[in-house]
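J.: First the structure, then my questions, so here it is.
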Amino acid sequence: MKREKGLLIVLSGPSGVGKGTVCGALREHDTDIKYSVSATTRSPRAGEVDGVNYFFKTKEEFERMIREGEMLEHAHYVSNYYGTPRAYVEEMIDMGYDVILEIEVQGALQVKETFPEGVFIFLMPPSLNELRSRIEGRGTETEDLINSRMTVAKEEIDLMDKYDYVVENDEVELAVERIKSIVTAENCRKDRLIHQYKQLAEE
Ligand SMILES: Nc1ncnc2c1ncn2[C@@H]1O[C@H](COP(=O)(O)OP(=O)(O)OP(=O)(O)O)[C@@H](O)[C@H]1O
Ligand SMILES: Nc1nc2c(ncn2[C@@H]2O[C@H](COP(=O)(O)O)[C@@H](O)[C@H]2O)c(=O)[nH]1
């Protein structure tokens, strides 16, 4: 039976924990989940493509989007803006698709205010040392930026109890299986289904 509304899944957690990697692997498993492309004012990294990895915006363009209500959420993170364009997410959910956002913690907490029915998953690194070595290994940030991201990471981990689920990203495939199980269970929750099955019974 086609669902009336899709699920909004918010995958959050510190920079470098592996959100993008896990989402990429999840994408290979489940082609029905839709992935929201964020907007940012940071410069593209080598190989990043506008409209695929991010919508790259100037500060003025980004601030216009905020003013005109085009962002579902946004945050200022280590000297740049990041945000989720609202239109795509709302359109896909209204069409019955599950949508995943890959965002940092301030933004996730904003979404929780406006979309409390969402599913909030915090991706945890096995340790802070492992987190640092993943960011270093990616080779995309200077030492100063890595230190700034690590400082924010500790603050973000302190907010883990605001989430519905905590998933450790020790191994990518294990993290993907855990997230798939959460999505399956959430899609079977009676409060999400009862309305449409009652309608069916009345037909
Ligand atoms: N389970 C894992 N084990 C080992 N390395 C991993 C694992 N998951 C991700 N990585 C590696 O860690 C680095 C950071 O991963 P990724 O870019 O996906 O993190 P992220 O959370 O999306 O970061 P950001 O929030 O900064 O975009 C990458 O080099 C990736 O290959
Ligand atoms: N609040 C939001 N945070 C976002 C969004 N898109 C990405 N992010 C997070 O920002 C940091 C830094 O990302 P990077 O690509 O520069 O490494 C990281 O935690 C991302 O998850 C967004 O739309 N909103």
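Every chain in the structure tokens has a letter given in the order shown (A, B, ...), and although residue numbers restart at 1 in each chain, ligands are simply numbered from 1 in the order shown.
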Write out as CSV a residue-level contact list of region 146-192 of chain A versus region 117-130 of chain A with cut-off 6 Å: for each qualifying residue the closest pair of atoms and the distance in Å to one decimal, counting only C-alpha atoms, rows sorted by chain and residue number upward.

T.:
residue,atom,partner,partner_atom,distance
A:Tyr163,CA,A:Phe120,CA,5.1
A:Asp164,CA,A:Phe120,CA,5.2
A:Tyr165,CA,A:Ile121,CA,4.8
A:Val166,CA,A:Phe122,CA,4.7
A:Val167,CA,A:Leu123,CA,5.0
A:Glu168,CA,A:Met124,CA,4.6
A:Asn169,CA,A:Pro125,CA,5.6
A:Asp170,CA,A:Pro126,CA,5.8

J.: Could you pull out the residues in region 12-203 of chain A that DSSP calls helix (DSSP H, G or I) from the backbone, as a PyMOL selection string?

T.: chain A and resi 19-29+59-67+86-94+105-114+128-138+143-158+160-162+172-187+190-202

J.: Check every protein, DNA and RNA residue against ligand 2, keep those with an atom at most 6 Å away (counting only C-alpha atoms and all ligand atoms), and present them as a PDB file with C-alpha atoms, in the first residue's frame.

T.:
ATOM      1  CA  PRO A  14      30.350  15.034  14.082  1.00  0.00           C
ATOM      2  CA  SER A  15      32.253  15.941  10.969  1.00  0.00           C
ATOM      3  CA  SER A  38      22.347  20.726   1.087  1.00  0.00           C
ATOM      4  CA  ALA A  39      23.355  24.273   0.295  1.00  0.00           C
ATOM      5  CA  HIS A  74      20.339  26.165   8.524  1.00  0.00           C
ATOM      6  CA  ALA A  75      23.420  26.520  10.684  1.00  0.00           C
ATOM      7  CA  TYR A  82      25.016  25.044   5.681  1.00  0.00           C
ATOM      8  CA  GLY A  83      21.319  24.449   5.122  1.00  0.00           C
ATOM      9  CA  THR A  84      18.622  22.164   3.761  1.00  0.00           C
ATOM     10  CA  GLU A 102      22.900  14.450   6.434  1.00  0.00           C
ATOM     11  CA  ILE A 103      23.428  17.444   8.691  1.00  0.00           C
ATOM     12  CA  GLU A 104      25.237  18.727  11.788  1.00  0.00           C
ATOM     13  CA  GLN A 106      22.377  22.597  15.402  1.00  0.00           C
ATOM     14  CA  GLY A 107      20.427  21.994  12.194  1.00  0.00           C
TER      15      GLY A 107
END

J.: Could you give me, as a PyMOL selection string, every polymer residue with an atom at most 10 Å away from an atom of ligand 1, counting only C-alpha atoms and all ligand atoms?

T.: chain A and resi 11-25+53+102-104+123-126+130-141+146+149+168-176

J.: Ranking A:Arg189, A:Arg86, A:Lys112, A:Lys180 by minimum distance to His29 (chain A) and counting only C-alpha atoms, which one comes first?

T.: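 For His29 (chain A), the nearest of the given residues is A:Lys180.
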
J.: Could you state the separation of CA of Phe62 (chain A) and CA of Thr41 (chain A) in Å, given to one decimal place?

T.: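 Distance between the two atoms: 7.1 Å.
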
J.: Considering only C-alpha atoms, state which residue in the set A:Glu203, A:Glu61, A:Asp158, A:Asp98 is at the smallest distance from Ser36 (chain A).

T.: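 Under the stated criterion, the closest residue is A:Asp98.
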
J.: What does the distance from CA of Ala87 (chain A) to CA of Leu26 (chain A) come to in Å, to one decimal?

T.: 22.9 Å

J.: Distance CA of Leu101 (chain A)-CA of His195 (chain A), one decimal place?

T.: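 Atom-to-atom, CA of Leu101 (chain A) to CA of His195 (chain A), that is 25.7 Å.
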
J.: Within 12 Å of Asp50 (chain A), counting only C-alpha atoms, which residues qualify if same-chain residues fewer than 5 places away don't, as an MDAnalysis selection string?

T.: chainID A and resid 37:45 55:57

J.: Write a file of the selected residues as a PDB file, in the first residue's frame, keeping C-alpha atoms.

T.:
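Ended up saving to part35.pdb:
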ATOM      1  CA  VAL A  37      21.312  17.964  -1.316  1.00  0.00           C
ATOM      2  CA  SER A  38      22.347  20.726   1.087  1.00  0.00           C
ATOM      3  CA  ALA A  39      23.355  24.273   0.295  1.00  0.00           C
ATOM      4  CA  THR A  40      26.581  25.735   1.645  1.00  0.00           C
ATOM      5  CA  THR A  41      28.796  28.790   1.385  1.00  0.00           C
ATOM      6  CA  ARG A  42      31.990  26.739   1.757  1.00  0.00           C
ATOM      7  CA  SER A  43      34.173  26.301  -1.319  1.00  0.00           C
ATOM      8  CA  PRO A  44      33.899  23.040  -3.269  1.00  0.00           C
ATOM      9  CA  ARG A  45      36.523  20.391  -2.486  1.00  0.00           C
ATOM     10  CA  PHE A  55      24.471  23.606  -3.975  1.00  0.00           C
ATOM     11  CA  PHE A  56      27.403  26.007  -3.627  1.00  0.00           C
ATOM     12  CA  LYS A  57      26.151  29.511  -2.789  1.00  0.00           C
TER      13      LYS A  57
END

J.: List every residue of region 36-114 of chain A that DSSP, applied to the backbone of this structure, places in strand (DSSP E), and write the result as a VMD selection string.

T.: chain A and resid 39 to 40 55 to 56 71 to 77 80 to 85 99 to 103

J.: Write out as a Markdown table a residue-level contact list of region 4-49 of chain A versus region 183-186 of chain A with cut-off 10 Å: for each qualifying residue the closest pair of atoms and the distance in Å to one decimal, counting only C-alpha atoms, rows sorted by chain and residue number upward.

T.:
| residue | atom | partner | partner_atom | distance |
| --- | --- | --- | --- | --- |
| A:Leu7 | CA | A:Glu186 | CA | 8.3 |
| A:Leu8 | CA | A:Val183 | CA | 9.8 |
| A:Ile9 | CA | A:Val183 | CA | 8.0 |

J.: Please produce a file of those selected residues containing N, CA, C and O atoms, as a PDB file, in the first residue's frame.

T.:
ATOM      1  N   LEU A   7       8.918   9.221   5.439  1.00  0.00           N
ATOM      2  CA  LEU A   7       9.584   9.449   6.721  1.00  0.00           C
ATOM      3  C   LEU A   7      10.727  10.434   6.510  1.00  0.00           C
ATOM      4  O   LEU A   7      11.448  10.315   5.523  1.00  0.00           O
ATOM      5  N   LEU A   8      10.882  11.373   7.445  1.00  0.00           N
ATOM      6  CA  LEU A   8      12.053  12.247   7.388  1.00  0.00           C
ATOM      7  C   LEU A   8      13.108  11.666   8.332  1.00  0.00           C
ATOM      8  O   LEU A   8      12.882  11.567   9.541  1.00  0.00           O
ATOM      9  N   ILE A   9      14.240  11.259   7.746  1.00  0.00           N
ATOM     10  CA  ILE A   9      15.313  10.644   8.547  1.00  0.00           C
ATOM     11  C   ILE A   9      16.449  11.652   8.629  1.00  0.00           C
ATOM     12  O   ILE A   9      16.946  12.122   7.596  1.00  0.00           O
TER      13      ILE A   9
END

J.: With distances taken over only C-alpha atoms, which of A:Leu193, A:Val78, A:Met95, A:Ile182 is nearest to Lys5 (chain A)?

T.: A:Met95

J.: Taking only C-alpha atoms into account, name the residue in A:Glu28, A:Glu4, A:Glu60, A:Glu73 that is nearest to Val105 (chain A).

T.: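 Closest to Val105 (chain A) of all the choices is A:Glu73.
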
J.: Could you check the closest approach to Gly6 (chain A) for each of A:Glu68, A:Glu177, A:Asp161, A:Glu90 and tell me which residue wins, using only C-alpha atoms?

T.: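 Looking only at the distances to Gly6 (chain A), the closest residue turns out to be A:Glu90.
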